[in-house]
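Below is model-v5.csv, which holds CSV, C-alpha atoms.
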chain,number,residue,atom,x,y,z
A,51,MET,CA,79.0,-4.0,109.7
A,52,PRO,CA,80.3,-6.7,107.3
A,53,LEU,CA,83.2,-6.0,105.1
A,54,ALA,CA,82.2,-5.1,101.5
A,55,LEU,CA,84.3,-5.0,98.3
A,56,GLY,CA,85.1,-1.5,97.4
A,57,GLN,CA,85.2,-0.3,101.0
A,58,PRO,CA,88.3,0.4,103.1
A,59,ILE,CA,89.6,-2.4,105.4
A,60,PRO,CA,89.5,-1.4,109.0
A,61,ALA,CA,92.6,-0.4,110.9
A,62,LEU,CA,94.3,-3.5,112.3
A,63,SER,CA,96.6,-3.4,115.4
A,64,LEU,CA,99.2,-6.1,115.0
A,65,LEU,CA,102.3,-7.5,116.8
A,66,GLU,CA,105.6,-8.1,115.2
A,67,LEU,CA,107.5,-11.3,116.0
A,68,ASP,CA,109.6,-9.5,118.6
A,69,GLY,CA,106.5,-8.3,120.4
A,70,GLY,CA,106.6,-4.7,119.1
A,71,ARG,CA,103.3,-3.1,118.2
A,72,THR,CA,102.6,-2.2,114.6
A,73,ASP,CA,99.5,-1.8,112.4
A,74,LEU,CA,98.5,-2.8,108.9
A,75,GLU,CA,99.3,0.6,107.4
A,76,GLN,CA,103.0,0.3,108.6
A,77,VAL,CA,103.2,-3.3,107.5
A,78,ARG,CA,102.0,-2.6,103.9
A,79,ALA,CA,103.7,0.8,103.6
A,80,GLY,CA,101.5,2.1,100.9
A,81,ARG,CA,101.5,-1.2,98.9
A,82,SER,CA,98.7,-3.4,97.9
A,83,ALA,CA,98.6,-6.5,100.2
A,84,VAL,CA,97.3,-10.0,100.3
A,85,LEU,CA,96.2,-10.7,103.9
A,86,PHE,CA,95.9,-14.3,104.9
A,87,PHE,CA,94.2,-14.8,108.3
A,88,MET,CA,95.0,-18.2,109.6
A,89,ARG,CA,92.5,-20.2,111.6
A,90,ALA,CA,95.2,-21.2,114.1
A,91,HIS,CA,99.0,-21.4,114.1
A,92,ASN,CA,98.9,-25.2,113.9
A,93,CYS,CA,96.2,-25.5,111.2
A,94,LEU,CA,97.7,-27.9,108.6
A,95,VAL,CA,95.4,-26.6,105.8
A,96,CYS,CA,96.3,-23.0,106.7
A,97,LEU,CA,100.0,-23.8,106.6
A,98,HIS,CA,99.4,-25.3,103.2
A,99,HIS,CA,97.9,-22.0,102.1
A,100,VAL,CA,100.9,-20.2,103.5
A,101,ARG,CA,103.2,-22.3,101.4
A,102,ALA,CA,101.0,-21.5,98.3
A,103,LEU,CA,101.4,-17.8,99.1
A,104,ALA,CA,105.1,-18.2,99.4
A,105,GLU,CA,105.1,-19.8,95.9
A,106,LEU,CA,103.3,-16.8,94.6
A,107,SER,CA,105.5,-14.3,96.3
A,108,GLY,CA,107.6,-13.6,93.2
A,109,MET,CA,104.5,-12.8,91.1
A,110,LEU,CA,103.0,-10.7,94.0
A,111,GLY,CA,106.3,-8.8,94.4
A,112,ASP,CA,106.3,-8.1,90.6
A,113,ARG,CA,102.9,-6.5,91.0
A,114,GLY,CA,103.8,-4.5,94.1
A,115,VAL,CA,101.7,-6.7,96.4
A,116,VAL,CA,103.0,-7.7,99.8
A,117,PRO,CA,101.8,-11.0,101.3
A,118,VAL,CA,101.0,-10.8,105.1
A,119,ILE,CA,100.2,-13.8,107.2
A,120,ILE,CA,98.1,-12.9,110.3
A,121,VAL,CA,98.1,-15.4,113.1
A,122,PRO,CA,95.5,-15.4,115.9
A,123,GLY,CA,97.2,-15.8,119.2
A,124,THR,CA,100.6,-14.9,120.5
A,125,THR,CA,103.9,-13.8,119.0
A,126,ALA,CA,105.3,-17.3,119.8
A,127,ASP,CA,102.5,-18.7,117.7
A,128,ALA,CA,103.4,-16.3,114.8
A,129,ALA,CA,107.1,-17.3,115.2
A,130,ARG,CA,106.1,-21.0,114.7
A,131,VAL,CA,104.4,-20.1,111.4
A,132,HIS,CA,107.2,-17.8,110.4
A,133,ARG,CA,109.6,-20.7,110.4
A,134,ARG,CA,107.5,-22.4,107.8
A,135,ALA,CA,106.4,-19.3,105.8
A,136,GLY,CA,109.3,-19.1,103.2
A,137,GLY,CA,110.2,-15.6,104.1
A,138,LEU,CA,106.7,-14.1,104.1
A,139,ARG,CA,105.8,-11.4,106.6
A,140,VAL,CA,104.1,-13.0,109.6
A,141,VAL,CA,102.4,-11.0,112.4
A,142,SER,CA,100.2,-11.8,115.3
A,143,SER,CA,96.9,-10.2,116.2
A,144,GLY,CA,97.7,-10.8,119.9
A,145,GLY,CA,94.5,-12.8,120.2
A,146,ASP,CA,91.7,-12.7,117.6
A,147,ALA,CA,91.0,-8.9,117.5
A,148,ALA,CA,92.2,-8.5,113.9
A,149,HIS,CA,90.2,-11.5,112.8
A,150,ARG,CA,87.1,-10.1,114.4
A,151,ALA,CA,87.7,-6.7,112.8
A,152,VAL,CA,87.4,-8.3,109.3
A,153,ASP,CA,84.3,-10.3,110.3
A,154,LEU,CA,86.2,-13.6,110.8
A,155,GLU,CA,84.4,-14.6,113.9
A,156,LYS,CA,84.8,-17.7,116.0
A,157,HIS,CA,81.7,-20.0,115.8
A,158,LEU,CA,81.3,-23.1,117.9
A,159,LEU,CA,84.9,-22.9,118.9
A,160,MET,CA,86.0,-22.8,115.2
A,161,GLN,CA,88.0,-19.6,114.2
A,162,HIS,CA,87.2,-18.7,110.6
A,163,SER,CA,90.0,-18.0,108.2
A,164,GLY,CA,90.2,-15.9,105.1
A,165,THR,CA,92.2,-14.3,102.3
A,166,PHE,CA,91.8,-10.6,101.5
A,167,LEU,CA,93.3,-8.5,98.8
A,168,ILE,CA,93.5,-4.8,99.4
A,169,ASP,CA,94.8,-2.2,97.0
A,170,SER,CA,97.4,0.5,97.7
A,171,GLU,CA,94.7,2.8,99.1
A,172,GLY,CA,93.5,0.1,101.6
A,173,ILE,CA,90.4,-0.7,99.7
A,174,LEU,CA,89.1,-4.3,99.7
A,175,ARG,CA,89.3,-5.8,96.2
A,176,TYR,CA,88.9,-9.5,96.9
A,177,ALA,CA,87.7,-11.6,99.8
A,178,ARG,CA,87.3,-15.3,100.4
A,179,SER,CA,86.6,-16.8,103.9
A,180,GLY,CA,85.1,-19.8,105.5
A,181,ALA,CA,84.5,-21.8,108.7
A,182,LEU,CA,86.5,-24.6,107.1
A,183,PRO,CA,90.1,-23.6,106.2
A,184,THR,CA,89.8,-25.4,102.8
A,185,ALA,CA,87.3,-22.7,101.8
A,186,SER,CA,89.4,-19.7,102.8
A,187,PHE,CA,92.0,-19.7,100.0
A,188,HIS,CA,91.8,-20.2,96.2
A,189,ARG,CA,95.0,-19.7,94.3
A,190,GLY,CA,93.4,-19.2,90.9
A,191,GLU,CA,90.9,-16.6,92.2
A,192,LEU,CA,93.6,-14.7,94.0
A,193,VAL,CA,95.9,-14.6,91.0
A,194,ALA,CA,93.0,-13.3,88.9
A,195,ALA,CA,92.2,-10.7,91.5
A,196,VAL,CA,95.8,-9.5,91.7
A,197,SER,CA,96.0,-9.3,87.9
A,198,GLN,CA,93.1,-6.8,88.0
A,199,LEU,CA,95.0,-4.4,90.3
A,200,PRO,CA,96.7,-1.5,88.7
A,201,GLN,CA,100.4,-1.9,89.1
A,202,ASN,CA,101.8,0.3,91.8
A,203,LEU,CA,105.5,0.0,91.1
A,204,SER,CA,106.3,3.2,92.9
A,205,ALA,CA,105.2,1.6,96.2
A,206,GLN,CA,107.4,-1.5,95.9
A,207,GLY,CA,110.2,-1.8,98.3
Step by step, read the file and then write its structure as structure tokens.
Amino acid sequence: MPLALGQPIPALSLLELDGGRTDLEQVRAGRSAVLFFMRAHNCLVCLHHVRALAELSGMLGDRGVVPVIIVPGTTADAARVHRRAGGLRVVSSGGDAAHRAVDLEKHLLMQHSGTFLIDSEGILRYARSGALPTASFHRGELVAAVSQLPQNLSAQG
């Protein structure tokens, strides 16, 4: 079943950089979150989007929103991205299971990427994805979507 705005995002099993198992609920700790699902750890366009999210991290933090980068592949792949992520939280899906859970399938060997905004209750409020990574992130749209979230200052931390 495709993801729909206003519906909860599915539970996602993730790996920390040290290999420890976690999940999306633990990562976001009751906060709203921007989830950026990279096409691949070495996708130059995706890395550009990661840098754009790092530039927005102050505004996101002020709104109680945690940015999370989800890398398909191994924890070593996620560690490579982390070195370039400007302090953002980077996790691995240990393959592509997290991507598949949010309907980012691989078509003709091309892993789709996407940006998702979920509120503090885990409800999908914004989504943008595409087969081409240039279509999977739009700074202005994301900023507008974040501005529509109720501020959840009690969940900051």
Fill in: Interatomic distance (Å, one decimal) between CA of Thr124 in chain A and CA of Phe86 in chain A
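We find that CA of Thr124 in chain A and CA of Phe86 in chain A lie 16.3 Å from each other.
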Practice prompt. Using all atoms listed in the file, determine which residues lie at most 12 Å from Asn92 in chain A, disregarding the query and same-chain residues fewer than 5 positions distant; provide the list as a count of residues only.
Written response: 15
Discussion item. Quick check, in Å to one decimal: how far apart do CA of Val141 in chain A and CA of Glu171 in chain A lie?
Written reply: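 Interatomic distance here is 20.7 Å.
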Worksheet item: Hey, what's within 8 Å of Asp169 in chain A if we count only C-alpha atoms and toss same-chain stuff fewer than 6 positions away? As a PyMOL selection string, please?
Response: chain A and resi 81-83+175+199
How would the residues just chosen look if you wrote them out with C-alpha atoms as a compact mmCIF listing (two decimals), in the coordinates of the input?
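Writing the result to selection.txt gives the following:
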# COMPACT_ATOMS: atom_id res chain seq x y z
CA ARG A 81 101.50 -1.20 98.90
CA SER A 82 98.70 -3.40 97.90
CA ALA A 83 98.60 -6.50 100.20
CA ARG A 175 89.30 -5.80 96.20
CA LEU A 199 95.00 -4.40 90.30
Worksheet item: What's the 7 Å shell around Asp73 in chain A, counting all atoms listed in the file, without same-chain residues fewer than 3 positions away, as a PyMOL selection string?
Response: chain A and resi 62-64+76-77
Those residues with C-alpha atoms, as an mmCIF file, in the coordinates of the input please?
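The resulting file, again.cif, is reproduced below:
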data_model
loop_
_atom_site.group_PDB
_atom_site.id
_atom_site.type_symbol
_atom_site.label_atom_id
_atom_site.label_comp_id
_atom_site.auth_asym_id
_atom_site.auth_seq_id
_atom_site.Cartn_x
_atom_site.Cartn_y
_atom_site.Cartn_z
ATOM 1 C CA LEU A 62 94.300 -3.500 112.300
ATOM 2 C CA SER A 63 96.600 -3.400 115.400
ATOM 3 C CA LEU A 64 99.200 -6.100 115.000
ATOM 4 C CA GLN A 76 103.000 0.300 108.600
ATOM 5 C CA VAL A 77 103.200 -3.300 107.500
#
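Distances here use only C-alpha atoms; by that measure, the residue among A:Gly56, A:Gly108, A:Gly69, A:Gly114 closest to Pro200 in chain A is A:Gly114.
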Fill in: For Arg139 in chain A, the nearest of the candidates A:Ala54, A:Ala102, A:Val118, A:Leu94, counting all atoms listed in the file
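Checking each candidate against Arg139 in chain A, we get A:Val118 as the closest.
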Practice prompt. One decimal, Å: what's the distance from CA of Glu155 in chain A over to CA of Glu75 in chain A, could you say?
Written response: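 So the two atoms, CA of Glu155 in chain A and CA of Glu75 in chain A, lie 22.3 Å apart.
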Worksheet entry | Residue nearest Asp153 in chain A among A:Arg189, A:Ala79, A:Thr184, A:Phe87 (counting only C-alpha atoms) | A:Phe87
Worksheet entry | Residue among A:Leu110, A:Ala104, A:Ile120, A:Ala194 lying closest to Gly136 in chain A, counting all atoms listed in the file | A:Ala104
Worksheet item: Which residue out of A:Leu85, A:Gln161, A:Thr125, A:Thr72 has the minimum interatomic distance to Arg178 in chain A when only C-alpha atoms are used?
Response: A:Leu85
Discussion item. Calculated over all atoms listed in the file, which of the candidates A:Leu174, A:Leu103, A:Leu192, A:Ala90 has the smallest distance to Pro58 in chain A?
Written reply: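 Among the listed residues, the smallest separation from Pro58 in chain A belongs to A:Leu174.
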Practice prompt. Would you list the residues near (82.5, -12.6, 98.6) (no more than 12 Å away, in the coordinates of the file, using all atoms listed in the file) as a PyMOL selection string?
Written response: chain A and resi 52-56+164-167+174-180+185-187+191
